[in-house]
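The file start05.cif comes next; it holds mmCIF, C-alpha atoms.
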data_model
loop_
_atom_site.label_atom_id
_atom_site.label_comp_id
_atom_site.auth_asym_id
_atom_site.auth_seq_id
_atom_site.Cartn_x
_atom_site.Cartn_y
_atom_site.Cartn_z
CA MET H 1 100.46 125.52 107.66
CA GLU H 2 100.12 125.30 111.39
CA GLU H 3 97.63 122.40 111.26
CA LEU H 4 100.01 120.23 109.23
CA SER H 5 102.97 121.15 111.42
CA ASN H 6 100.96 120.17 114.47
CA ILE H 7 99.99 116.83 113.05
CA ILE H 8 103.60 115.93 112.33
CA GLN H 9 104.51 116.79 115.92
CA SER H 10 101.77 114.51 117.28
CA ASP H 11 102.72 111.40 119.19
CA GLN H 12 101.94 107.83 118.17
CA ASN H 13 98.91 107.34 120.40
CA THR H 14 97.31 110.61 119.31
CA LEU H 15 97.77 109.81 115.64
CA LEU H 16 96.51 106.25 116.01
CA SER H 17 93.38 107.57 117.72
CA SER H 18 92.60 109.48 114.51
CA ILE H 19 91.80 106.24 112.64
CA ASP H 20 89.09 103.67 113.34
CA ASP H 21 89.58 101.54 116.46
CA PHE H 22 89.69 98.27 114.50
CA GLN H 23 92.35 99.74 112.22
CA ALA H 24 94.40 101.09 115.14
CA GLU H 25 94.25 97.66 116.79
CA ILE H 26 95.71 96.02 113.66
CA ILE H 27 98.41 98.69 113.30
CA LYS H 28 99.43 98.29 116.96
CA THR H 29 99.79 94.53 116.38
CA PHE H 30 102.00 95.20 113.34
CA LEU H 31 104.13 97.69 115.27
CA ALA H 32 104.55 95.28 118.18
CA SER H 33 105.74 92.49 115.88
CA ASN H 34 107.96 94.78 113.78
CA SER H 35 109.88 96.48 116.62
CA ASN H 36 107.90 99.69 115.95
CA ASP H 37 109.06 99.86 112.32
CA TYR H 38 106.52 102.24 110.74
CA LEU H 39 107.43 101.53 107.13
CA LEU H 40 107.37 97.75 107.51
CA SER H 41 103.99 98.06 109.24
CA ALA H 42 102.71 100.20 106.36
CA ASP H 43 103.80 97.44 103.95
CA ASN H 44 102.04 94.85 106.12
CA TRP H 45 98.79 96.82 105.76
CA LEU H 46 99.12 97.44 102.02
CA ASN H 47 100.16 93.86 101.22
CA ALA H 48 97.72 92.04 103.51
CA SER H 49 96.25 88.99 101.80
CA THR H 50 94.61 85.92 103.32
CA ALA H 51 97.09 83.05 103.10
CA ASN H 52 96.44 80.13 100.74
CA THR H 53 93.12 81.53 99.55
CA ALA H 54 92.00 82.04 95.95
CA LYS H 55 89.78 85.08 95.54
CA LEU H 56 86.28 84.46 94.18
CA GLY H 57 85.58 87.85 92.69
CA GLY H 58 86.99 91.31 92.04
CA GLU H 59 89.24 92.50 89.24
CA SER H 60 92.45 90.62 88.51
CA ASN H 61 93.96 93.60 86.64
CA LYS H 62 93.69 95.97 89.62
CA SER H 63 96.97 97.81 90.18
CA LYS H 64 98.57 97.63 93.59
CA ILE H 65 99.12 100.68 95.81
CA TYR H 66 102.77 100.98 96.78
CA ARG H 67 104.05 102.69 99.90
CA GLU H 68 106.61 104.71 97.95
CA LYS H 69 103.87 106.15 95.73
CA LEU H 70 101.86 107.11 98.82
CA LEU H 71 104.92 108.80 100.28
CA GLU H 72 105.34 110.84 97.08
CA GLU H 73 101.74 112.04 97.35
CA LEU H 74 102.13 112.79 101.06
CA GLU H 75 105.18 114.87 100.21
CA LYS H 76 103.16 116.83 97.66
CA PHE H 77 100.46 117.43 100.26
CA LEU H 78 102.80 118.52 103.04
CA CYS H 79 105.29 120.42 100.91
CA GLY H 80 102.85 122.76 99.14
CA ASP H 81 102.30 121.14 95.73
CA GLN H 82 99.46 122.98 93.97
CA GLN H 83 97.69 119.66 93.27
CA TYR H 84 96.51 119.73 96.89
CA ASP H 85 95.86 123.49 97.26
CA GLU H 86 92.12 123.05 97.69
CA ASP H 87 92.51 120.25 100.22
CA ARG H 88 94.94 122.26 102.34
CA LYS H 89 92.54 125.22 102.17
CA LYS H 90 89.74 122.94 103.31
CA ILE H 91 91.80 122.08 106.40
CA SER H 92 92.78 125.68 107.17
CA ASP H 93 89.23 126.97 106.66
CA SER H 94 87.61 124.30 108.82
CA THR H 95 86.75 124.94 112.45
CA ASP H 96 87.46 121.26 113.09
CA LYS H 97 91.18 121.07 113.84
CA SER H 98 91.14 117.52 115.17
CA GLN H 99 93.71 114.99 113.95
CA LYS H 100 90.84 112.74 112.88
CA TYR H 101 89.49 115.41 110.53
CA ILE H 102 92.90 116.34 109.09
CA ILE H 103 93.92 112.69 108.51
CA GLY H 104 90.49 112.14 106.94
CA VAL H 105 90.95 115.01 104.45
CA MET H 106 94.52 113.95 103.63
CA SER H 107 93.55 110.30 103.12
CA ALA H 108 90.52 111.12 100.99
CA SER H 109 92.41 113.52 98.71
CA ILE H 110 95.51 111.32 98.33
CA GLY H 111 93.27 108.27 97.86
CA LYS H 112 91.38 110.06 95.11
CA ALA H 113 94.64 110.87 93.33
CA LEU H 114 95.72 107.23 93.50
CA GLY H 115 92.33 105.65 92.76
CA THR H 116 91.85 104.09 96.16
CA ALA H 117 89.52 104.65 99.10
CA GLY H 118 90.65 107.12 101.77
CA THR H 119 89.64 104.75 104.56
CA PHE H 120 92.00 102.10 103.12
CA ILE H 121 95.08 104.33 103.14
CA ALA H 122 94.37 106.34 106.32
CA PRO H 123 96.44 103.97 108.54
CA VAL H 124 99.33 104.16 106.06
CA ILE H 125 99.18 107.97 106.04
CA VAL H 126 99.42 107.87 109.84
CA LEU H 127 102.39 105.49 109.71
CA LEU H 128 104.17 107.61 107.10
CA ILE H 129 103.65 110.73 109.21
CA LEU H 130 105.06 108.87 112.22
CA SER H 131 108.07 107.85 110.11
CA ILE H 132 108.89 111.55 109.58
CA GLY H 133 109.81 111.53 113.25
CA LYS H 134 108.56 114.97 114.35
CA MET H 135 110.96 116.71 111.98
CA ALA H 136 109.92 120.25 110.99
CA ILE H 137 107.95 120.17 107.73
CA ASN H 138 110.32 122.53 105.91
CA ALA H 139 113.34 120.47 106.91
CA TRP H 140 111.64 117.24 105.82
CA CYS H 141 110.58 118.73 102.48
CA ALA H 142 114.13 119.99 101.86
CA MET H 143 115.54 116.59 102.78
CA ARG H 144 113.15 114.80 100.39
CA LYS H 145 114.00 117.22 97.59
CA GLU H 146 117.71 116.73 98.14
CA ALA H 147 117.32 112.94 98.18
CA GLN H 148 115.42 113.08 94.89
CA GLN H 149 118.12 115.25 93.31
CA VAL H 150 120.80 112.78 94.40
CA THR H 151 118.78 109.88 92.99
CA ALA H 152 118.23 111.72 89.70
CA HIS H 153 121.93 112.53 89.50
CA LEU H 154 122.86 108.86 89.97
CA GLN H 155 120.51 107.68 87.22
CA MET K 156 65.98 78.75 107.29
CA GLU K 157 63.49 81.14 105.69
CA ILE K 158 64.46 82.10 102.14
CA THR K 159 61.68 84.61 101.51
CA GLY K 160 63.04 88.14 101.39
CA LEU K 161 66.70 87.22 100.93
CA ASP K 162 66.54 88.97 97.53
CA LYS K 163 65.94 92.21 99.45
CA MET K 164 69.09 91.69 101.46
CA ILE K 165 71.67 90.15 99.12
CA TYR K 166 72.87 91.81 95.92
CA THR K 167 75.79 91.98 93.53
CA VAL K 168 78.55 94.61 93.69
CA GLY K 169 79.73 95.99 90.38
CA ARG K 170 81.59 98.73 88.61
CA ILE K 171 80.29 100.87 85.78
CA THR K 172 82.64 100.58 82.81
CA PRO K 173 82.46 101.97 79.26
CA ASN K 174 81.06 98.56 78.28
CA GLY K 175 78.33 98.47 80.91
CA VAL K 176 78.19 97.13 84.44
CA ARG K 177 80.87 94.63 85.38
CA LEU K 178 79.73 92.45 88.29
CA LEU K 179 82.48 91.78 90.84
CA GLY K 180 80.97 89.75 93.67
CA THR K 181 78.25 89.47 96.29
CA CYS K 182 77.29 91.85 99.10
CA PHE K 183 74.61 91.90 101.81
CA HIS K 184 72.66 94.53 103.69
CA LEU K 185 73.69 95.08 107.30
CA ASN K 186 71.58 96.09 110.27
CA LYS K 187 72.87 99.70 110.12
CA LYS K 188 71.50 102.44 107.87
CA GLY K 189 72.76 102.18 104.28
CA LEU K 190 75.60 99.76 105.05
CA PHE K 191 76.52 96.58 103.15
CA ALA K 192 79.34 94.06 103.61
CA THR K 193 81.47 92.39 100.98
CA ALA K 194 85.02 91.15 100.61
CA SER K 195 87.72 93.79 100.31
CA HIS K 196 89.16 92.15 97.18
CA VAL K 197 85.75 92.39 95.47
CA THR K 198 86.00 96.20 95.40
CA GLY K 199 89.80 96.34 95.14
CA ASN K 200 89.43 99.20 97.67
CA ASP K 201 88.58 101.45 94.73
CA ASN K 202 85.53 103.73 94.96
CA ASN K 203 85.49 104.69 91.31
CA ASN K 204 82.13 103.94 89.66
CA LEU K 205 81.31 101.38 92.32
CA ILE K 206 77.66 100.33 92.45
CA ILE K 207 75.28 97.85 94.02
CA PHE K 208 73.23 96.17 91.31
CA VAL K 209 69.54 95.70 92.09
CA SER K 210 67.67 93.62 89.55
CA GLY K 211 64.48 93.13 91.56
CA LYS K 212 64.17 89.70 89.95
CA THR K 213 66.17 87.47 92.26
CA ASP K 214 63.36 86.19 94.49
CA LEU K 215 64.32 82.66 95.56
CA THR K 216 60.66 81.61 95.73
CA THR K 217 60.16 82.19 91.98
CA TYR K 218 61.87 81.27 88.69
CA GLN K 219 64.67 83.76 87.96
CA ASP K 220 64.98 84.59 84.28
CA THR K 221 68.58 83.91 83.20
CA THR K 222 68.13 86.06 80.07
CA ASN K 223 67.06 89.17 81.97
CA ASN K 224 70.09 91.33 82.80
CA GLN K 225 68.13 94.51 83.52
CA GLY K 226 68.34 96.29 86.83
CA GLN K 227 69.16 99.46 88.71
CA THR K 228 72.59 100.65 89.74
CA VAL K 229 72.88 102.26 93.16
CA PRO K 230 76.10 104.29 93.69
CA ALA K 231 78.14 102.97 96.61
CA THR K 232 81.22 104.23 98.42
CA ILE K 233 83.75 102.37 100.50
CA TYR K 234 82.99 103.20 104.11
CA LYS K 235 85.45 100.94 106.00
CA VAL K 236 88.13 98.46 104.98
CA ASP K 237 89.92 95.71 106.88
CA PRO K 238 92.46 94.27 104.41
CA VAL K 239 93.74 91.75 106.96
CA ARG K 240 90.34 90.02 107.22
CA ASP K 241 89.42 90.92 103.63
CA ILE K 242 86.29 92.83 104.65
CA CYS K 243 84.86 95.96 103.06
CA ILE K 244 81.84 97.90 104.28
CA LEU K 245 79.98 99.80 101.57
CA LYS K 246 77.66 102.76 102.10
CA ILE K 247 74.78 103.94 99.96
CA GLU K 248 72.64 107.08 100.32
CA ASN K 249 69.65 105.33 101.81
CA GLU K 250 68.35 105.10 105.36
CA ALA K 251 67.18 101.49 105.02
CA PHE K 252 68.70 98.68 107.09
CA SER K 253 68.14 94.95 107.43
CA ASN K 254 67.12 92.91 110.46
CA LEU K 255 70.26 90.79 110.20
CA GLN K 256 71.42 89.21 113.43
CA ILE K 257 75.23 89.22 113.36
CA GLY K 258 77.19 86.58 115.23
CA GLY K 259 80.46 84.92 114.39
CA ALA K 260 82.38 81.68 114.05
CA ASP K 261 82.10 81.11 117.81
CA ASP K 262 78.33 80.67 117.33
CA ILE K 263 78.60 77.50 115.27
CA LYS K 264 80.07 74.06 115.79
CA VAL K 265 81.89 71.82 113.33
CA ALA K 266 79.35 69.55 111.54
CA GLU K 267 76.53 72.09 112.03
CA SER K 268 74.54 73.05 108.93
CA VAL K 269 74.83 76.45 107.27
CA GLY K 270 73.19 78.23 104.35
CA ILE K 271 75.23 80.20 101.81
CA VAL K 272 73.43 82.76 99.67
CA GLY K 273 75.13 84.61 96.85
CA PHE K 274 75.75 85.02 93.15
CA PRO K 275 78.05 82.26 91.80
CA HIS K 276 79.37 83.13 88.32
CA CYS K 277 78.14 86.75 88.55
CA VAL K 278 81.60 87.78 87.30
CA ASP K 279 80.52 86.14 84.03
CA GLY K 280 77.33 88.21 83.98
CA ARG K 281 75.01 85.61 85.54
CA ASN K 282 72.94 87.43 88.16
CA ILE K 283 71.13 84.50 89.78
CA LEU K 284 70.71 84.50 93.54
CA THR K 285 71.56 80.98 94.67
CA PHE K 286 71.11 79.13 97.94
CA GLN K 287 73.52 76.35 98.92
CA ASN K 288 73.66 74.40 102.11
CA THR K 289 76.52 72.52 103.63
CA VAL K 290 78.17 71.92 106.98
CA VAL K 291 81.10 73.52 108.73
CA GLY K 292 84.04 71.22 108.08
CA ALA K 293 86.55 72.90 110.37
CA LYS K 294 87.31 76.02 112.32
CA VAL K 295 90.69 77.42 111.39
CA LEU K 296 93.01 80.35 112.02
CA ILE K 297 94.33 81.80 108.76
CA GLU K 298 97.20 84.26 108.60
CA SER K 299 97.39 87.56 106.78
CA SER K 300 100.42 89.81 107.32
CA SER K 301 101.27 87.70 110.40
CA ILE K 302 97.87 88.25 112.04
CA LYS K 303 95.82 85.08 112.53
CA SER K 304 92.04 85.44 112.28
CA LYS K 305 89.09 83.12 112.80
CA HIS K 306 87.77 81.41 109.69
CA LEU K 307 85.46 78.54 108.82
CA VAL K 308 86.10 75.78 106.32
CA LEU K 309 82.87 74.99 104.48
CA ASN K 310 82.56 71.60 102.79
CA ILE K 311 81.35 72.88 99.45
CA GLN K 312 82.73 74.06 96.15
CA THR K 313 82.29 77.77 95.47
CA ARG K 314 82.94 79.74 92.32
CA PRO K 315 83.97 83.29 91.32
CA GLY K 316 81.27 85.78 92.25
CA GLN K 317 80.61 84.21 95.63
CA SER K 318 83.13 86.28 97.55
CA GLY K 319 81.10 88.45 99.92
CA SER K 320 78.30 85.89 100.29
CA PRO K 321 76.78 85.72 103.77
CA ILE K 322 76.77 82.42 105.65
CA PHE K 323 73.84 81.76 107.95
CA ARG K 324 73.40 79.26 110.74
CA LEU K 325 70.65 77.12 109.26
CA SER K 326 68.78 76.68 112.55
CA ASP K 327 68.03 80.38 113.11
CA SER K 328 69.46 82.41 110.17
CA LYS K 329 72.08 84.09 112.33
CA LEU K 330 75.01 85.45 110.29
CA ILE K 331 78.20 83.60 111.20
CA GLY K 332 80.58 84.39 108.36
CA MET K 333 81.26 85.65 104.86
CA ILE K 334 82.90 83.83 101.96
CA ILE K 335 86.30 85.18 100.98
CA GLY K 336 87.65 82.43 98.73
CA SER K 337 88.64 78.82 98.33
CA TYR K 338 91.72 77.08 99.60
CA VAL K 339 94.61 77.04 97.18
CA PRO K 340 98.25 76.40 98.02
CA ASN K 341 100.33 79.60 97.86
CA GLY K 342 97.47 81.74 96.54
CA GLY K 343 97.10 79.85 93.22
CA GLY K 344 97.24 81.59 89.88
CA GLY K 345 99.72 79.11 88.35
CA ILE K 346 97.59 77.37 85.74
CA SER K 347 94.32 78.44 84.14
CA LEU K 348 92.21 76.14 81.97
CA GLY K 349 89.36 77.99 80.28
CA GLY K 350 89.66 80.68 82.95
CA VAL K 351 89.47 78.11 85.77
CA ASP K 352 92.32 77.47 88.18
CA PRO K 353 92.29 73.66 88.67
CA HIS K 354 93.63 74.18 92.18
CA THR K 355 90.26 75.65 93.21
CA LEU K 356 88.20 72.64 92.08
CA HIS K 357 87.54 71.08 95.48
CA GLN K 358 85.23 71.41 98.46
CA THR K 359 87.28 73.57 100.80
CA THR K 360 85.82 77.06 100.96
CA HIS K 361 87.18 79.73 103.30
CA ALA K 362 84.85 82.08 105.16
CA VAL K 363 85.89 84.81 107.57
CA SER K 364 84.09 85.09 110.90
CA SER K 365 81.45 87.84 110.84
CA GLU K 366 82.49 89.01 114.31
CA TYR K 367 85.05 91.21 112.53
CA ILE K 368 82.23 92.95 110.63
CA THR K 369 80.66 93.95 113.95
CA LYS K 370 83.86 95.78 114.93
CA MET K 371 83.70 97.86 111.75
CA ILE K 372 80.15 99.23 111.97
#
Do you think you could lay out the structure here as structure tokens?
Amino acid sequence: MEELSNIIQSDQNTLLSSIDDFQAEIIKTFLASNSNDYLLSADNWLNASTANTAKLGGESNKSKIYREKLLEELEKFLCGDQQYDEDRKKISDSTDKSQKYIIGVMSASIGKALGTAGTFIAPVIVLLILSIGKMAINAWCAMRKEAQQVTAHLQ
Amino acid sequence: MEITGLDKMIYTVGRITPNGVRLLGTCFHLNKKGLFATASHVTGNDNNNLIIFVSGKTDLTTYQDTTNNQGQTVPATIYKVDPVRDICILKIENEAFSNLQIGGADDIKVAESVGIVGFPHCVDGRNILTFQNTVVGAKVLIESSSIKSKHLVLNIQTRPGQSGSPIFRLSDSKLIGMIIGSYVPNGGGGISLGGVDPHTLHQTTHAVSSEYITKMI
């Protein structure tokens, strides 16, 4: 899909402009303090928690969203898994080809699959895309598949 | 501070479960169409079956019936999240907005009086809107993922259900912060006696500056 190929080829500033300004500001701070490490910055976002503060509400049994799980879903989205057929069609059928729209659709659909809000994971989706490093989608998908086969073989 | 009408601005957030509505914390109506603020941990960043609970019987100028748990559920979705400051903005399908004046921690001095309005113990099913007043004990920077943000220390004990409660400057009802929790070394969770962490039994409540809410809406 041309739209998805284009988004992977986008530069950091373009991709960060596809999320809310307050989110981009936080991500830029993470990247500056982590020597531009995208994965570490993604963990910083997912694991953020106010220091020395007991929460006065919410659900204690809520499961955490892990970066690796998000990467697996992103792989399914980018590499043609049928689970995301409708979402990819939504992107290809839309007249809006902006990064903001595409990241929004990806975040909402992956968030739905993982039981979390799209707006929460959008910055992580951006960071994971940046971590692909402008590799061609097909090459990245083949590399991921190979890595999984090696892991399965070792287990 | 005028308390009339606060019941039309401050509600509980909950989730519909097979056993009924589970109340999770407090939220308040913002000055933008259909938007409410609460703490991010109240919603767990999960949209599923999320609601705002409107009982219509939480007027602070009357007696609230503690046996009446009836009310309406209004579906809500997570509109924006800042996990670093523990803020979540909820959206409902309604054009209404409040006349809230939003400031921040810079608008209040240590020792100045504030009003806290929320639903202590709502996580236990008690849906009683409660006003507390105290003073700002300190202004502090608290870290989350290495980012330091402005917070207030309030000299009062707060209980589960109060996360997401708005904090008003008592002199003019300007919003200056939102409760996110109480101080506990290393996040607490070590000991629980009857569901209460003894580490939280003190008068050091943490509130995040509401200036960060302004950036999200």
Selection dump of the PyMOL selection byres ((chain K and resi 370) around 10), as a PyMOL selection string: (chain H and resi 20-23) or (chain K and resi 365-369+371-372)
Report as number ranges by chain all protein, DNA and RNA residues lying within 6 Å of region 249-257 of chain K, evaluated on only C-alpha atoms, omitting residues in the same chain fewer than 4 positions from it. K: 184-189, 329-330
For chain H, work out the contacting residues on chain K at 7 Å, counting all atoms listed in the file, and write them as a ChimeraX atom specification. /K:179-180,196-202,233-236,238-239,278,297-300,314-318,335-343,370-371
In Å, rounded to a single decimal, give me how far CA of Pro321 (chain K) is from CA of Asn203 (chain K). 24.3 Å
Selection in question (the file shown): the PyMOL selection byres ((chain H and resi 137) around 9). Which residues does it include, as a list in words? Leu4, Ser5, Ile8, Leu78, Cys79, Ile132, Lys134, Met135, Ala136, Asn138, Ala139, Trp140, Cys141 and Ala142 of chain H
Considering all atoms listed in the file, return as number ranges by chain whatever protein or nucleic-acid residues lie within 9 Å of Ile19 (chain H), sequence-local ones (same chain, fewer than 2 positions apart) excluded. H: 15-17, 21-24, 100, 103-104, 119, 122-123, 126
To one decimal place in Å, what is the distance between CA of Val265 (chain K) and CA of Ile165 (chain K)? 25.3 Å
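For the file at hand, the PyMOL selection byres ((chain K and resi 350) around 12) resolves to H:Ser60, K:His276, K:Val278, K:Asp279, K:Arg314, K:Pro315, K:Gly344, K:Gly345, K:Ile346, K:Ser347, K:Leu348, K:Gly349, K:Val351, K:Asp352, K:Pro353, K:His354, K:Thr355.
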Would you save the residues from that selection as a PDB file, keeping the file's coordinate frame, using C-alpha atoms?
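Written out: out-v2.pdb:
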ATOM      1  CA  SER H  60      92.450  90.620  88.510  1.00  0.00           C
TER       2      SER H  60
ATOM      3  CA  HIS K 276      79.370  83.130  88.320  1.00  0.00           C
ATOM      4  CA  VAL K 278      81.600  87.780  87.300  1.00  0.00           C
ATOM      5  CA  ASP K 279      80.520  86.140  84.030  1.00  0.00           C
ATOM      6  CA  ARG K 314      82.940  79.740  92.320  1.00  0.00           C
ATOM      7  CA  PRO K 315      83.970  83.290  91.320  1.00  0.00           C
ATOM      8  CA  GLY K 344      97.240  81.590  89.880  1.00  0.00           C
ATOM      9  CA  GLY K 345      99.720  79.110  88.350  1.00  0.00           C
ATOM     10  CA  ILE K 346      97.590  77.370  85.740  1.00  0.00           C
ATOM     11  CA  SER K 347      94.320  78.440  84.140  1.00  0.00           C
ATOM     12  CA  LEU K 348      92.210  76.140  81.970  1.00  0.00           C
ATOM     13  CA  GLY K 349      89.360  77.990  80.280  1.00  0.00           C
ATOM     14  CA  VAL K 351      89.470  78.110  85.770  1.00  0.00           C
ATOM     15  CA  ASP K 352      92.320  77.470  88.180  1.00  0.00           C
ATOM     16  CA  PRO K 353      92.290  73.660  88.670  1.00  0.00           C
ATOM     17  CA  HIS K 354      93.630  74.180  92.180  1.00  0.00           C
ATOM     18  CA  THR K 355      90.260  75.650  93.210  1.00  0.00           C
TER      19      THR K 355
END
Closest of K:Ser304, K:Asn310, K:Asn282, K:Thr221 to Ala266 (chain K), counting only C-alpha atoms, is K:Asn310
With 6 Å on each side, where is the centre of the axis-aligned box around all listed atoms of region 198-213 of chain K, and how long are its edges in Å to one decimal, as lines of an AutoDock Vina configuration file?
center_x = 77.0
center_y = 96.1
center_z = 93.6
size_x = 37.6
size_y = 29.2
size_z = 20.1
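Shell of Ser328 (chain K) at 9 Å, with all atoms listed in the file counted and residues fewer than 4 places along the chain excluded, is Met156, Glu157, Leu255, Gln256, Val269, Gly270, Ile322, Phe323 and Arg324 of chain K.
From CA of Phe191 (chain K) back to CA of Val295 (chain K), the distance works out to 25.2 Å.
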Using all atoms listed in the file, find the one residue out of K:Lys212, K:Arg177, K:Lys246, K:His306 that sits nearest to Lys294 (chain K). K:His306
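Using all atoms listed in the file, the smallest distance between any of K:Ile311, K:Asp220, K:Ala362, K:Gln227 and Ile171 (chain K) comes from K:Gln227.
Counting all atoms listed in the file, Thr217 (chain K) has the following residues at most 12 Å away, ignoring those fewer than 4 positions along the same chain: Ile158, Thr159, Gly160, Asp162, Gly211, Lys212, Thr213, Ile283, Leu284 and Thr285 of chain K.
Proximity to Leu74 (chain H) at 10 Å, evaluated using only C-alpha atoms and with sequence-adjacent residues fewer than 6 positions away removed, yields Glu68, Asp81, Tyr84, Met106, Ser107, Ile110, Ile125, Leu128 and Ile129 of chain H.
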Can you sort out region 53-74 of chain H so it carries N, CA and C atoms, written as a PDB file, keeping the file's coordinate frame?
ATOM      1  N   THR H  53      94.543  81.350  99.883  1.00  0.00           N
ATOM      2  CA  THR H  53      93.120  81.530  99.550  1.00  0.00           C
ATOM      3  C   THR H  53      92.991  82.174  98.170  1.00  0.00           C
ATOM      4  N   ALA H  54      92.268  81.486  97.293  1.00  0.00           N
ATOM      5  CA  ALA H  54      92.000  82.040  95.950  1.00  0.00           C
ATOM      6  C   ALA H  54      90.774  82.934  96.035  1.00  0.00           C
ATOM      7  N   LYS H  55      90.876  84.120  95.480  1.00  0.00           N
ATOM      8  CA  LYS H  55      89.780  85.080  95.540  1.00  0.00           C
ATOM      9  C   LYS H  55      88.674  84.694  94.563  1.00  0.00           C
ATOM     10  N   LEU H  56      87.429  84.829  95.028  1.00  0.00           N
ATOM     11  CA  LEU H  56      86.280  84.460  94.180  1.00  0.00           C
ATOM     12  C   LEU H  56      85.510  85.703  93.759  1.00  0.00           C
ATOM     13  N   GLY H  57      86.225  86.632  93.153  1.00  0.00           N
ATOM     14  CA  GLY H  57      85.580  87.850  92.690  1.00  0.00           C
ATOM     15  C   GLY H  57      86.586  88.969  92.562  1.00  0.00           C
ATOM     16  N   GLY H  58      86.110  90.158  92.192  1.00  0.00           N
ATOM     17  CA  GLY H  58      86.990  91.310  92.040  1.00  0.00           C
ATOM     18  C   GLY H  58      87.626  91.373  90.669  1.00  0.00           C
ATOM     19  N   GLU H  59      88.592  92.275  90.542  1.00  0.00           N
ATOM     20  CA  GLU H  59      89.240  92.500  89.240  1.00  0.00           C
ATOM     21  C   GLU H  59      90.706  92.074  89.322  1.00  0.00           C
ATOM     22  N   SER H  60      91.079  91.151  88.459  1.00  0.00           N
ATOM     23  CA  SER H  60      92.450  90.620  88.510  1.00  0.00           C
ATOM     24  C   SER H  60      93.477  91.648  88.011  1.00  0.00           C
ATOM     25  N   ASN H  61      93.010  92.633  87.210  1.00  0.00           N
ATOM     26  CA  ASN H  61      93.960  93.600  86.640  1.00  0.00           C
ATOM     27  C   ASN H  61      94.139  94.845  87.504  1.00  0.00           C
ATOM     28  N   LYS H  62      93.628  94.797  88.744  1.00  0.00           N
ATOM     29  CA  LYS H  62      93.690  95.970  89.620  1.00  0.00           C
ATOM     30  C   LYS H  62      95.136  96.258  90.016  1.00  0.00           C
ATOM     31  N   SER H  63      95.575  97.507  89.834  1.00  0.00           N
ATOM     32  CA  SER H  63      96.970  97.810  90.180  1.00  0.00           C
ATOM     33  C   SER H  63      97.119  97.991  91.686  1.00  0.00           C
ATOM     34  N   LYS H  64      98.283  97.617  92.167  1.00  0.00           N
ATOM     35  CA  LYS H  64      98.570  97.630  93.590  1.00  0.00           C
ATOM     36  C   LYS H  64      98.966  99.050  94.028  1.00  0.00           C
ATOM     37  N   ILE H  65      98.688  99.384  95.271  1.00  0.00           N
ATOM     38  CA  ILE H  65      99.120 100.680  95.810  1.00  0.00           C
ATOM     39  C   ILE H  65     100.434 100.459  96.562  1.00  0.00           C
ATOM     40  N   TYR H  66     101.464 101.149  96.141  1.00  0.00           N
ATOM     41  CA  TYR H  66     102.770 100.980  96.780  1.00  0.00           C
ATOM     42  C   TYR H  66     103.029 102.100  97.782  1.00  0.00           C
ATOM     43  N   ARG H  67     103.748 101.732  98.835  1.00  0.00           N
ATOM     44  CA  ARG H  67     104.050 102.690  99.900  1.00  0.00           C
ATOM     45  C   ARG H  67     104.828 103.892  99.374  1.00  0.00           C
ATOM     46  N   GLU H  68     105.773 103.631  98.469  1.00  0.00           N
ATOM     47  CA  GLU H  68     106.610 104.710  97.950  1.00  0.00           C
ATOM     48  C   GLU H  68     105.759 105.750  97.197  1.00  0.00           C
ATOM     49  N   LYS H  69     104.752 105.255  96.479  1.00  0.00           N
ATOM     50  CA  LYS H  69     103.870 106.150  95.730  1.00  0.00           C
ATOM     51  C   LYS H  69     103.047 107.005  96.716  1.00  0.00           C
ATOM     52  N   LEU H  70     102.613 106.375  97.786  1.00  0.00           N
ATOM     53  CA  LEU H  70     101.860 107.110  98.820  1.00  0.00           C
ATOM     54  C   LEU H  70     102.733 108.186  99.462  1.00  0.00           C
ATOM     55  N   LEU H  71     103.994 107.842  99.686  1.00  0.00           N
ATOM     56  CA  LEU H  71     104.920 108.800 100.280  1.00  0.00           C
ATOM     57  C   LEU H  71     105.115 110.001  99.356  1.00  0.00           C
ATOM     58  N   GLU H  72     105.198 109.739  98.056  1.00  0.00           N
ATOM     59  CA  GLU H  72     105.340 110.840  97.080  1.00  0.00           C
ATOM     60  C   GLU H  72     104.144 111.788  97.158  1.00  0.00           C
ATOM     61  N   GLU H  73     102.945 111.204  97.269  1.00  0.00           N
ATOM     62  CA  GLU H  73     101.740 112.040  97.350  1.00  0.00           C
ATOM     63  C   GLU H  73     101.678 112.795  98.672  1.00  0.00           C
ATOM     64  N   LEU H  74     102.101 112.129  99.747  1.00  0.00           N
ATOM     65  CA  LEU H  74     102.130 112.790 101.060  1.00  0.00           C
ATOM     66  C   LEU H  74     103.087 113.976 101.018  1.00  0.00           C
TER      67      LEU H  74
END
